[in-house]
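Engineer: What follows is start-v4.txt, compact mmCIF, C-alpha atoms and all ligand atoms.
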# COMPACT_ATOMS: atom_id res chain seq x y z
CA MET Q 1 10.25 -14.23 -2.90
CA ALA Q 2 9.02 -14.42 0.66
CA PHE Q 3 5.36 -13.71 0.98
CA THR Q 4 4.07 -12.49 4.33
CA PHE Q 5 0.53 -12.67 5.63
CA ILE Q 6 -1.01 -9.19 5.63
CA CYS Q 7 -4.69 -9.76 6.35
CA HIS Q 8 -7.65 -11.93 5.57
CA ALA Q 9 -9.27 -11.35 2.19
CA SER Q 10 -12.40 -9.98 3.84
CA ALA Q 11 -10.40 -7.03 5.29
CA VAL Q 12 -10.34 -5.21 1.94
CA SER Q 13 -13.28 -4.76 -0.38
CA GLU Q 14 -13.54 -3.54 -3.96
CA GLY Q 15 -13.43 0.25 -4.10
CA SER Q 16 -11.54 0.59 -0.84
CA MET Q 17 -8.04 0.89 0.58
CA GLY Q 18 -6.44 -0.43 3.75
CA PHE Q 19 -3.25 0.24 5.69
CA PHE Q 20 -1.49 -2.70 7.36
CA GLN Q 21 1.72 -3.54 9.18
CA ALA Q 22 4.05 -6.45 8.46
CA GLY Q 23 6.55 -6.21 11.29
CA ARG Q 24 8.14 -2.78 10.88
CA LYS Q 25 7.02 -2.43 7.28
CA SER Q 26 3.75 -0.88 6.28
CA VAL Q 27 1.61 -1.96 3.37
CA LEU Q 28 -1.12 -0.14 1.53
CA LEU Q 29 -3.67 -2.42 -0.11
CA VAL Q 30 -5.88 -0.75 -2.66
CA TRP Q 31 -8.62 -2.30 -4.74
CA PRO Q 32 -10.04 0.03 -7.39
CA THR Q 33 -13.60 -0.57 -8.54
CA GLY Q 34 -13.51 -2.84 -11.57
CA GLY Q 35 -9.77 -3.38 -11.17
CA GLU Q 36 -7.33 -5.63 -9.39
CA LEU Q 37 -6.07 -5.57 -5.83
CA LYS Q 38 -2.66 -3.85 -5.57
CA ALA Q 39 -0.07 -3.59 -2.81
CA TYR Q 40 2.28 -0.67 -2.20
CA ARG Q 41 4.79 0.30 0.44
CA GLY Q 42 2.86 2.33 3.00
CA ARG Q 43 5.11 5.37 2.82
CA CYS Q 44 4.90 8.35 0.49
CA PRO Q 45 7.70 8.59 -2.10
CA HIS Q 46 7.75 12.37 -1.71
CA GLY Q 47 8.73 12.80 1.93
CA ASP Q 48 8.90 9.18 3.14
CA MET Q 49 5.93 9.87 5.38
CA PRO Q 50 3.36 7.24 6.42
CA LEU Q 51 0.27 6.86 4.27
CA ASN Q 52 -2.01 5.54 7.02
CA ASP Q 53 -4.25 8.62 6.69
CA ALA Q 54 -4.13 8.75 2.89
CA ILE Q 55 -7.40 9.24 1.04
CA PHE Q 56 -8.52 6.93 -1.76
CA LYS Q 57 -11.03 8.40 -4.19
CA GLU Q 58 -11.86 7.01 -7.62
CA GLN Q 59 -8.40 6.09 -9.00
CA THR Q 60 -6.24 8.37 -6.85
CA ILE Q 61 -4.45 7.87 -3.54
CA THR Q 62 -3.79 11.27 -1.96
CA CYS Q 63 -1.05 11.68 0.62
CA PRO Q 64 -2.27 13.63 3.67
CA HIS Q 65 1.02 15.46 4.16
CA HIS Q 66 1.34 17.61 1.01
CA GLN Q 67 -1.61 16.28 -1.00
CA TRP Q 68 0.37 14.66 -3.77
CA GLY Q 69 -1.85 12.23 -5.67
CA PHE Q 70 -0.84 8.82 -7.00
CA ASP Q 71 -2.59 6.62 -9.54
CA CYS Q 72 -3.78 3.48 -7.73
CA VAL Q 73 -3.00 1.20 -10.68
CA SER Q 74 0.42 2.43 -11.81
CA GLY Q 75 1.51 4.09 -8.55
CA LYS Q 76 2.71 7.12 -10.54
CA CYS Q 77 2.28 10.65 -9.26
CA VAL Q 78 -0.60 12.36 -11.08
CA THR Q 79 -0.58 15.80 -9.47
CA HIS Q 80 3.02 16.90 -10.03
CA LEU Q 81 5.48 16.57 -12.90
CA VAL Q 82 7.81 14.27 -11.01
CA ARG Q 83 8.97 10.69 -11.35
CA ASN Q 84 8.06 9.81 -7.77
CA ALA Q 85 5.83 6.76 -7.61
CA LEU Q 86 4.49 4.45 -4.94
CA HIS Q 87 6.69 1.41 -4.44
CA PRO Q 88 4.79 -1.71 -5.56
CA TYR Q 89 4.93 -5.02 -3.72
CA ALA Q 90 4.19 -8.43 -5.23
CA LEU Q 91 0.87 -9.73 -3.94
CA ARG Q 92 -0.94 -13.04 -3.93
CA VAL Q 93 -4.15 -14.40 -2.48
CA GLU Q 94 -3.92 -17.87 -0.95
CA ARG Q 95 -7.25 -19.26 0.20
CA ASP Q 96 -8.47 -16.55 2.62
CA GLU Q 97 -5.12 -14.79 3.03
CA ILE Q 98 -3.70 -11.74 1.29
CA GLN Q 99 0.07 -12.14 1.23
CA VAL Q 100 2.64 -9.58 0.12
CA ASP Q 101 6.36 -9.84 -0.54
CA VAL Q 102 7.79 -6.94 1.46
CA GLY Q 103 11.29 -8.40 1.65
CA PRO Q 104 12.81 -9.43 4.99
CA VAL Q 105 10.46 -8.64 7.87
CA LYS Q 106 11.71 -7.74 11.33
CA ALA Q 107 9.48 -7.86 14.37
CA ALA Q 108 7.88 -4.54 15.26
CA HIS Q 109 9.38 -4.73 18.75
CA PRO Q 110 12.30 -7.09 19.38
CA PRO Q 111 11.70 -9.46 22.28
CA ALA Q 112 13.08 -8.26 25.62
S1 LIG B 201 5.07 13.38 2.10
FE1 LIG B 201 3.46 12.74 0.78
S2 LIG B 201 3.09 14.46 -0.47
FE2 LIG B 201 4.76 15.07 0.77
Can you dump the structure from the file as structure tokens?
Structural biologist:
Amino acid sequence: MAFTFICHASAVSEGSMGFFQAGRKSVLLVWPTGGELKAYRGRCPHGDMPLNDAIFKEQTITCPHHQWGFDCVSGKCVTHLVRNALHPYALRVERDEIQVDVGPVKAAHPPA
């Protein structure tokens, strides 16, 4: 596993969600009230669209593109009878850093 720095721990609070970039990969961090911090790939499993404008309410992450809803703990779709689910990433907190294993990370823009 290769964990990558995503943000400082203070960037996400309980009951909220955040969208971050790790090179070209996007990461959705979600922390349900009373639950544990989770990390998912920041793209919707329905249409492979970015989830940067997704809405997090109670336990559900709603994609802004076609309003599919996903359970924030399991990642499973809760609004349609489909197997599509958010792709989970391994996550760890080291001191003040939230780190996620997103696989190999390429720079957002290769050096000129
Ligand atoms: S792309 Fe997310 S619901 Fe269609």
Engineer: Using all atoms listed in the file, which residues sit within 10 Å of Glu58 (chain Q) once same-chain residues fewer than 4 positions away are excluded, as a ChimeraX atom specification?
Structural biologist: /Q:15-16,32-33,71-72
Engineer: Please determine, counting only C-alpha atoms and all ligand atoms, which residue among Q:Thr4, Q:Gln21, Q:Ser26, Q:Thr79 has the shortest atom-to-atom distance to ligand LIG 201 (chain B).
Structural biologist: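 Of Q:Thr4, Q:Gln21, Q:Ser26, Q:Thr79, the one nearest ligand LIG 201 (chain B) is Q:Thr79, counting only C-alpha atoms and all ligand atoms.
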Engineer: Hey, can you check how far CA of Gln99 (chain Q) sits from CA of Gly23 (chain Q)?
Structural biologist: 13.4 Å
Engineer: Give me, as a ChimeraX atom specification, all polymer residues having an atom no more than 7 Å from Met17 (chain Q), counting all atoms listed in the file and skipping those fewer than 6 positions away in the same chain.
Structural biologist: /Q:29-31,56
Engineer: Could you tell me which of Q:Ala90, Q:Ile98, Q:Phe20, Q:Val82 comes closest to Ala2 (chain Q) if we count all atoms listed in the file?
Structural biologist: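 Selected residue with least distance to Ala2 (chain Q): Q:Ala90.
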Engineer: Under the rule that all atoms listed in the file are counted, which of Q:Gly69, Q:Gly42, Q:Gly18, Q:Gly35 is the nearest residue to ligand LIG 201 (chain B)?
Structural biologist: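 When distances to ligand LIG 201 (chain B) are compared using all atoms listed in the file, the smallest one comes from Q:Gly69.
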Engineer: Could you make a table, as a Markdown table, of the residues of chain Q that have an atom within 12 Å of an atom of ligand LIG 201 (chain B), each with its nearest atom pair and distance in Å to one decimal, counting only C-alpha atoms and all ligand atoms, in chain and number order?
Structural biologist:
| residue | atom | partner | partner_atom | distance |
| --- | --- | --- | --- | --- |
| Q:Gly42 | CA | B:LIG201 | FE1 | 10.7 |
| Q:Arg43 | CA | B:LIG201 | FE1 | 7.8 |
| Q:Cys44 | CA | B:LIG201 | FE1 | 4.6 |
| Q:Pro45 | CA | B:LIG201 | FE1 | 6.6 |
| Q:His46 | CA | B:LIG201 | FE2 | 4.7 |
| Q:Gly47 | CA | B:LIG201 | S1 | 3.7 |
| Q:Asp48 | CA | B:LIG201 | S1 | 5.8 |
| Q:Met49 | CA | B:LIG201 | S1 | 4.9 |
| Q:Pro50 | CA | B:LIG201 | S1 | 7.7 |
| Q:Leu51 | CA | B:LIG201 | FE1 | 7.5 |
| Q:Asn52 | CA | B:LIG201 | FE1 | 11.0 |
| Q:Asp53 | CA | B:LIG201 | FE1 | 10.6 |
| Q:Ala54 | CA | B:LIG201 | FE1 | 8.8 |
| Q:Ile55 | CA | B:LIG201 | FE1 | 11.4 |
| Q:Ile61 | CA | B:LIG201 | FE1 | 10.2 |
| Q:Thr62 | CA | B:LIG201 | S2 | 7.7 |
| Q:Cys63 | CA | B:LIG201 | FE1 | 4.6 |
| Q:Pro64 | CA | B:LIG201 | FE1 | 6.5 |
| Q:His65 | CA | B:LIG201 | FE1 | 5.0 |
| Q:His66 | CA | B:LIG201 | S2 | 3.9 |
| Q:Gln67 | CA | B:LIG201 | S2 | 5.1 |
| Q:Trp68 | CA | B:LIG201 | S2 | 4.3 |
| Q:Gly69 | CA | B:LIG201 | S2 | 7.5 |
| Q:Phe70 | CA | B:LIG201 | S2 | 9.5 |
| Q:Cys77 | CA | B:LIG201 | S2 | 9.6 |
| Q:Val78 | CA | B:LIG201 | S2 | 11.4 |
| Q:Thr79 | CA | B:LIG201 | S2 | 9.8 |
| Q:His80 | CA | B:LIG201 | S2 | 9.9 |
| Q:Val82 | CA | B:LIG201 | S2 | 11.6 |
| Q:Asn84 | CA | B:LIG201 | S2 | 10.0 |
| Q:Ala85 | CA | B:LIG201 | FE1 | 10.6 |
| Q:Leu86 | CA | B:LIG201 | FE1 | 10.1 |
Engineer: Using only C-alpha atoms, which protein or nucleic acid residues come within 8 Å of Val100 (chain Q)? Drop anything in the same chain fewer than 6 positions from it, and give the result as a ChimeraX atom specification.
Structural biologist: /Q:3-6,39,89-92
Engineer: For CA of Gly103 (chain Q) and CA of Lys38 (chain Q), quote the distance in Å rounded to one decimal.
Structural biologist: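 Those two atoms sit 16.4 Å apart.
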Engineer: Check the smallest atom-to-atom distance from each of Q:Ala11, Q:Phe19, Q:Thr60, Q:His87 to Asp101 (chain Q) using all atoms listed in the file, then report the winner.
Structural biologist: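 Using all atoms listed in the file, the shortest distance to Asp101 (chain Q) belongs to Q:His87.
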Engineer: Using all atoms listed in the file, which of the listed residues (Q:Ala22, Q:Val73, Q:Val102, Q:Val93) sits closest to Gly34 (chain Q)?
Structural biologist: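 Ranking Q:Ala22, Q:Val73, Q:Val102, Q:Val93 by distance to Gly34 (chain Q), first place goes to Q:Val73.
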Engineer: Separation of CA of Arg24 (chain Q) and CA of Tyr40 (chain Q), in Å?
Structural biologist: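 About the pair CA of Arg24 (chain Q) and CA of Tyr40 (chain Q): they are 14.5 Å apart.
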